[in-house]
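Visitor: Sharing data16.pdb, PDB, C-alpha atoms and all ligand atoms:
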ATOM      1  CA  MET J   1      98.100  56.273  37.162  1.00  0.00           C
ATOM      2  CA  SER J   2      94.381  56.605  36.748  1.00  0.00           C
ATOM      3  CA  VAL J   3      91.710  56.278  39.383  1.00  0.00           C
ATOM      4  CA  THR J   4      88.916  56.427  36.814  1.00  0.00           C
ATOM      5  CA  TRP J   5      87.916  52.818  37.450  1.00  0.00           C
ATOM      6  CA  LEU J   6      87.603  53.400  41.197  1.00  0.00           C
ATOM      7  CA  ASP J   7      85.793  56.689  40.659  1.00  0.00           C
ATOM      8  CA  GLY J   8      83.367  54.913  38.348  1.00  0.00           C
ATOM      9  CA  HIS J   9      82.482  52.420  41.052  1.00  0.00           C
ATOM     10  CA  ASN J  10      82.599  54.570  44.173  1.00  0.00           C
ATOM     11  CA  GLY J  11      82.674  58.187  43.086  1.00  0.00           C
ATOM     12  CA  ARG J  12      85.237  60.558  44.552  1.00  0.00           C
ATOM     13  CA  ALA J  13      83.389  62.284  47.358  1.00  0.00           C
ATOM     14  CA  GLU J  14      85.341  63.297  50.454  1.00  0.00           C
ATOM     15  CA  HIS J  15      84.444  60.093  52.296  1.00  0.00           C
ATOM     16  CA  GLN J  16      85.768  58.005  49.379  1.00  0.00           C
ATOM     17  CA  ILE J  17      89.048  59.899  49.471  1.00  0.00           C
ATOM     18  CA  THR J  18      89.135  59.268  53.223  1.00  0.00           C
ATOM     19  CA  LEU J  19      88.703  55.537  52.646  1.00  0.00           C
ATOM     20  CA  ARG J  20      91.491  55.536  50.037  1.00  0.00           C
ATOM     21  CA  ILE J  21      93.841  57.222  52.513  1.00  0.00           C
ATOM     22  CA  LEU J  22      92.827  54.765  55.241  1.00  0.00           C
ATOM     23  CA  LYS J  23      93.566  51.929  52.818  1.00  0.00           C
ATOM     24  CA  VAL J  24      97.254  52.889  53.023  1.00  0.00           C
ATOM     25  CA  SER J  25      97.131  52.136  56.764  1.00  0.00           C
ATOM     26  CA  GLU J  26      95.349  48.866  56.121  1.00  0.00           C
ATOM     27  CA  GLU J  27      98.072  47.784  53.712  1.00  0.00           C
ATOM     28  CA  ALA J  28     100.786  48.947  56.135  1.00  0.00           C
ATOM     29  CA  GLY J  29      99.172  46.731  58.760  1.00  0.00           C
ATOM     30  CA  GLU J  30      99.321  43.797  56.375  1.00  0.00           C
ATOM     31  CA  ALA J  31     103.031  44.471  55.807  1.00  0.00           C
ATOM     32  CA  ALA J  32     103.597  44.567  59.573  1.00  0.00           C
ATOM     33  CA  ALA J  33     101.659  41.335  60.039  1.00  0.00           C
ATOM     34  CA  ALA J  34     103.692  39.673  57.304  1.00  0.00           C
ATOM     35  CA  TRP J  35     106.966  40.748  58.942  1.00  0.00           C
ATOM     36  CA  ILE J  36     105.754  39.419  62.299  1.00  0.00           C
ATOM     37  CA  GLY J  37     105.023  36.215  60.381  1.00  0.00           C
ATOM     38  CA  VAL J  38     108.580  36.139  59.039  1.00  0.00           C
ATOM     39  CA  LEU J  39     109.963  36.518  62.556  1.00  0.00           C
ATOM     40  CA  GLY J  40     107.588  33.897  63.953  1.00  0.00           C
ATOM     41  CA  ASN J  41     106.965  36.218  66.852  1.00  0.00           C
ATOM     42  CA  ASN J  42     103.488  34.843  67.557  1.00  0.00           C
ATOM     43  CA  PRO J  43     104.123  31.461  69.266  1.00  0.00           C
ATOM     44  CA  ARG J  44     100.613  30.309  68.428  1.00  0.00           C
ATOM     45  CA  LYS J  45     101.148  30.851  64.693  1.00  0.00           C
ATOM     46  CA  GLY J  46     104.881  30.390  64.231  1.00  0.00           C
ATOM     47  CA  ARG J  47     106.499  31.418  60.948  1.00  0.00           C
ATOM     48  CA  THR J  48     103.748  32.209  58.490  1.00  0.00           C
ATOM     49  CA  HIS J  49     105.353  34.464  55.882  1.00  0.00           C
ATOM     50  CA  CYS J  50     108.510  34.886  53.830  1.00  0.00           C
ATOM     51  CA  ARG J  51     110.401  38.074  52.992  1.00  0.00           C
ATOM     52  CA  GLU J  52     108.969  38.113  49.481  1.00  0.00           C
ATOM     53  CA  GLN J  53     105.477  38.351  50.949  1.00  0.00           C
ATOM     54  CA  VAL J  54     106.569  41.298  53.097  1.00  0.00           C
ATOM     55  CA  ALA J  55     107.988  43.002  50.002  1.00  0.00           C
ATOM     56  CA  ALA J  56     104.713  42.403  48.151  1.00  0.00           C
ATOM     57  CA  GLU J  57     102.751  43.910  51.025  1.00  0.00           C
ATOM     58  CA  LEU J  58     105.057  46.938  51.033  1.00  0.00           C
ATOM     59  CA  ALA J  59     104.415  47.301  47.308  1.00  0.00           C
ATOM     60  CA  ASP J  60     100.691  47.330  48.133  1.00  0.00           C
ATOM     61  CA  VAL J  61     101.403  50.218  50.519  1.00  0.00           C
ATOM     62  CA  ALA J  62     103.189  52.132  47.763  1.00  0.00           C
ATOM     63  CA  ILE J  63     100.446  51.573  45.209  1.00  0.00           C
ATOM     64  CA  THR J  64      97.623  52.456  47.575  1.00  0.00           C
ATOM     65  CA  ALA J  65      99.506  55.649  48.500  1.00  0.00           C
ATOM     66  CA  LEU J  66      99.786  56.566  44.817  1.00  0.00           C
ATOM     67  CA  VAL J  67      96.055  55.934  44.371  1.00  0.00           C
ATOM     68  CA  ALA J  68      95.318  58.187  47.354  1.00  0.00           C
ATOM     69  CA  ILE J  69      97.510  60.961  45.903  1.00  0.00           C
ATOM     70  CA  GLU J  70      95.741  60.734  42.530  1.00  0.00           C
ATOM     71  CA  SER J  71      92.388  60.732  44.324  1.00  0.00           C
ATOM     72  CA  LEU J  72      93.341  64.053  45.916  1.00  0.00           C
ATOM     73  CA  GLY J  73      93.650  65.420  42.404  1.00  0.00           C
ATOM     74  CA  PHE J  74      97.427  65.395  42.072  1.00  0.00           C
ATOM     75  CA  ASP J  75      99.717  63.668  39.613  1.00  0.00           C
ATOM     76  CA  ALA J  76     101.163  60.847  41.720  1.00  0.00           C
ATOM     77  CA  SER J  77     104.276  60.568  39.528  1.00  0.00           C
ATOM     78  CA  GLN J  78     105.047  64.260  39.976  1.00  0.00           C
ATOM     79  CA  THR J  79     104.313  64.174  43.708  1.00  0.00           C
ATOM     80  CA  LEU J  80     106.613  61.185  44.095  1.00  0.00           C
ATOM     81  CA  ALA J  81     109.342  62.859  42.014  1.00  0.00           C
ATOM     82  CA  ASP J  82     109.063  66.058  44.088  1.00  0.00           C
ATOM     83  CA  CYS J  83     109.310  64.047  47.300  1.00  0.00           C
ATOM     84  CA  ALA J  84     112.310  62.079  46.017  1.00  0.00           C
ATOM     85  CA  GLU J  85     114.016  65.351  45.074  1.00  0.00           C
ATOM     86  CA  ARG J  86     113.486  66.777  48.586  1.00  0.00           C
ATOM     87  CA  VAL J  87     114.842  63.594  50.172  1.00  0.00           C
ATOM     88  CA  LEU J  88     117.834  63.647  47.831  1.00  0.00           C
ATOM     89  CA  GLU J  89     118.514  67.304  48.674  1.00  0.00           C
ATOM     90  CA  ARG J  90     118.402  66.486  52.380  1.00  0.00           C
ATOM     91  CA  PHE J  91     120.753  63.552  51.847  1.00  0.00           C
ATOM     92  CA  THR J  92     123.107  65.627  49.710  1.00  0.00           C
ATOM     93  CA  SER J  93     123.193  68.574  52.127  1.00  0.00           C
ATOM     94  CA  SER J  94     123.798  66.306  55.136  1.00  0.00           C
ATOM     95  CA  SER J  95     126.646  64.503  53.328  1.00  0.00           C
ATOM     96  CA  ASP J  96     128.091  67.929  52.347  1.00  0.00           C
ATOM     97  CA  GLU J  97     128.071  68.867  56.037  1.00  0.00           C
ATOM     98  CA  ALA J  98     129.848  65.627  56.875  1.00  0.00           C
ATOM     99  CA  ASP J  99     132.455  66.284  54.157  1.00  0.00           C
ATOM    100  CA  GLY J 100     132.913  69.959  55.036  1.00  0.00           C
TER     101      GLY J 100
HETATM  102 MG    MG F 201      98.165  43.858  51.011  1.00  0.00          MG
END
Any chance you could give the structure as structure tokens?

Guide:
Amino acid sequence: MSVTWLDGHNGRAEHQITLRILKVSEEAGEAAAAWIGVLGNNPRKGRTHCREQVAAELADVAITALVAIESLGFDASQTLADCAERVLERFTSSSDEADG
């Protein structure tokens, strides 16, 4: 993933990195709003979203997180792979404990 396009428009000063990290929260809020819309929990609005829209918003969260990681100067693919490995190790060790 490349953030060259964004860097070209906005630069990559500390405040720009801050905004890219905050964007993850913005997208998470949109996912939450979409889920509330699926549940129809706001009586004034009723049901406003479907599950596919929630999934799309969650995908926005994932992509904005990857952009933020790249903006910090890391390889997002590697960071994600390292994280997945740690989660898998935790899952494996906890299932070993359950088996043992
Ligand atoms: Mg969104």

Visitor: Using only C-alpha atoms and all ligand atoms, which residue out of J:Glu52, J:Asp60, J:Glu14, J:Glu70 lies closest to ligand MG 201 (chain F)?

Guide: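 That would be J:Asp60, the residue with the smallest distance to ligand MG 201 (chain F).
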
Visitor: Could you write out as a ChimeraX atom specification the residues that the PyMOL selection byres (((not hetatm)) within 6 of (chain F and resi 201)) matches in the shown file?

Guide: /J:27,30,57,60

Visitor: Can you list, as an mmCIF file with C-alpha atoms, in the coordinates of the input, every protein, DNA or RNA residue that comes within 9 Å of stretch 75-92 of chain J when you count all atoms listed in the file, leaving out same-chain residues fewer than 4 positions away?

Guide:
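Contents of result24.cif, as written:
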data_model
loop_
_atom_site.group_PDB
_atom_site.id
_atom_site.type_symbol
_atom_site.label_atom_id
_atom_site.label_comp_id
_atom_site.auth_asym_id
_atom_site.auth_seq_id
_atom_site.Cartn_x
_atom_site.Cartn_y
_atom_site.Cartn_z
ATOM 1 C CA MET J 1 98.100 56.273 37.162
ATOM 2 C CA ALA J 65 99.506 55.649 48.500
ATOM 3 C CA LEU J 66 99.786 56.566 44.817
ATOM 4 C CA VAL J 67 96.055 55.934 44.371
ATOM 5 C CA ALA J 68 95.318 58.187 47.354
ATOM 6 C CA ILE J 69 97.510 60.961 45.903
ATOM 7 C CA GLU J 70 95.741 60.734 42.530
ATOM 8 C CA ASP J 96 128.091 67.929 52.347
ATOM 9 C CA GLU J 97 128.071 68.867 56.037
#

Visitor: Output the residue selection produced by the PyMOL selection byres (((chain J and resi 56) around 12) and not hetatm) on the file above, formatted as a PyMOL selection string.

Guide: chain J and resi 27-28+30-32+34-35+49-55+57-63

Visitor: Could you check which of J:Pro43, J:Ser71, J:Thr48, J:Gly29 is closest to J:Gln16, using only C-alpha atoms?

Guide: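 Checking each candidate against J:Gln16, we get J:Ser71 as the closest.
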
Visitor: For atom CA of J:Leu22 and atom CA of J:His9, determine how far apart the two atoms are, in Å to one decimal place.

Guide: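 Rounded to one decimal, the two atoms are 17.7 Å apart.
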
Visitor: Using all atoms listed in the file, which of the listed residues (J:Thr64, J:Val3, J:Asp99, J:Ser93) sits closest to J:Lys23?

Guide: J:Thr64

Visitor: Could you give me, as a PDB file with C-alpha atoms, in the coordinates of the input, the residues within 12 Å of J:Lys45, counting only C-alpha atoms and dropping anything in the same chain fewer than 4 positions from it?

Guide:
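Saved result, result.pdb, follows:
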ATOM      1  CA  ALA J  33     101.659  41.335  60.039  1.00  0.00           C
ATOM      2  CA  ALA J  34     103.692  39.673  57.304  1.00  0.00           C
ATOM      3  CA  ILE J  36     105.754  39.419  62.299  1.00  0.00           C
ATOM      4  CA  GLY J  37     105.023  36.215  60.381  1.00  0.00           C
ATOM      5  CA  VAL J  38     108.580  36.139  59.039  1.00  0.00           C
ATOM      6  CA  LEU J  39     109.963  36.518  62.556  1.00  0.00           C
ATOM      7  CA  GLY J  40     107.588  33.897  63.953  1.00  0.00           C
ATOM      8  CA  ASN J  41     106.965  36.218  66.852  1.00  0.00           C
ATOM      9  CA  HIS J  49     105.353  34.464  55.882  1.00  0.00           C
TER      10      HIS J  49
END

Visitor: Can you patch up stretch 75-89 of chain J, filling it in to N, CA and C atoms, and show the result as an mmCIF file, in the frame of the given file?

Guide:
data_model
loop_
_atom_site.group_PDB
_atom_site.id
_atom_site.type_symbol
_atom_site.label_atom_id
_atom_site.label_comp_id
_atom_site.auth_asym_id
_atom_site.auth_seq_id
_atom_site.Cartn_x
_atom_site.Cartn_y
_atom_site.Cartn_z
ATOM 1 N N ASP J 75 99.004 64.642 40.432
ATOM 2 C CA ASP J 75 99.717 63.668 39.613
ATOM 3 C C ASP J 75 100.667 62.907 40.538
ATOM 4 N N ALA J 76 100.374 61.630 40.760
ATOM 5 C CA ALA J 76 101.163 60.847 41.720
ATOM 6 C C ALA J 76 102.625 60.756 41.305
ATOM 7 N N SER J 77 102.889 60.640 40.005
ATOM 8 C CA SER J 77 104.276 60.568 39.528
ATOM 9 C C SER J 77 105.038 61.835 39.888
ATOM 10 N N GLN J 78 104.389 62.979 39.677
ATOM 11 C CA GLN J 78 105.047 64.260 39.976
ATOM 12 C C GLN J 78 105.235 64.426 41.475
ATOM 13 N N THR J 79 104.218 64.059 42.252
ATOM 14 C CA THR J 79 104.313 64.174 43.708
ATOM 15 C C THR J 79 105.446 63.298 44.232
ATOM 16 N N LEU J 80 105.546 62.102 43.685
ATOM 17 C CA LEU J 80 106.613 61.185 44.095
ATOM 18 C C LEU J 80 107.986 61.734 43.696
ATOM 19 N N ALA J 81 108.070 62.281 42.479
ATOM 20 C CA ALA J 81 109.342 62.859 42.014
ATOM 21 C C ALA J 81 109.746 64.046 42.878
ATOM 22 N N ASP J 82 108.774 64.906 43.227
ATOM 23 C CA ASP J 82 109.063 66.058 44.088
ATOM 24 C C ASP J 82 109.557 65.599 45.458
ATOM 25 N N CYS J 83 108.917 64.578 45.990
ATOM 26 C CA CYS J 83 109.310 64.047 47.300
ATOM 27 C C CYS J 83 110.717 63.460 47.229
ATOM 28 N N ALA J 84 110.982 62.695 46.175
ATOM 29 C CA ALA J 84 112.310 62.079 46.017
ATOM 30 C C ALA J 84 113.384 63.154 45.917
ATOM 31 N N GLU J 85 113.058 64.250 45.218
ATOM 32 C CA GLU J 85 114.016 65.351 45.074
ATOM 33 C C GLU J 85 114.327 65.982 46.431
ATOM 34 N N ARG J 86 113.271 66.193 47.248
ATOM 35 C CA ARG J 86 113.486 66.777 48.586
ATOM 36 C C ARG J 86 114.336 65.848 49.448
ATOM 37 N N VAL J 87 114.066 64.556 49.388
ATOM 38 C CA VAL J 87 114.842 63.594 50.172
ATOM 39 C C VAL J 87 116.292 63.601 49.705
ATOM 40 N N LEU J 88 116.478 63.629 48.388
ATOM 41 C CA LEU J 88 117.834 63.647 47.831
ATOM 42 C C LEU J 88 118.582 64.910 48.252
ATOM 43 N N GLU J 89 117.885 66.054 48.237
ATOM 44 C CA GLU J 89 118.514 67.304 48.674
ATOM 45 C C GLU J 89 118.945 67.212 50.127
#
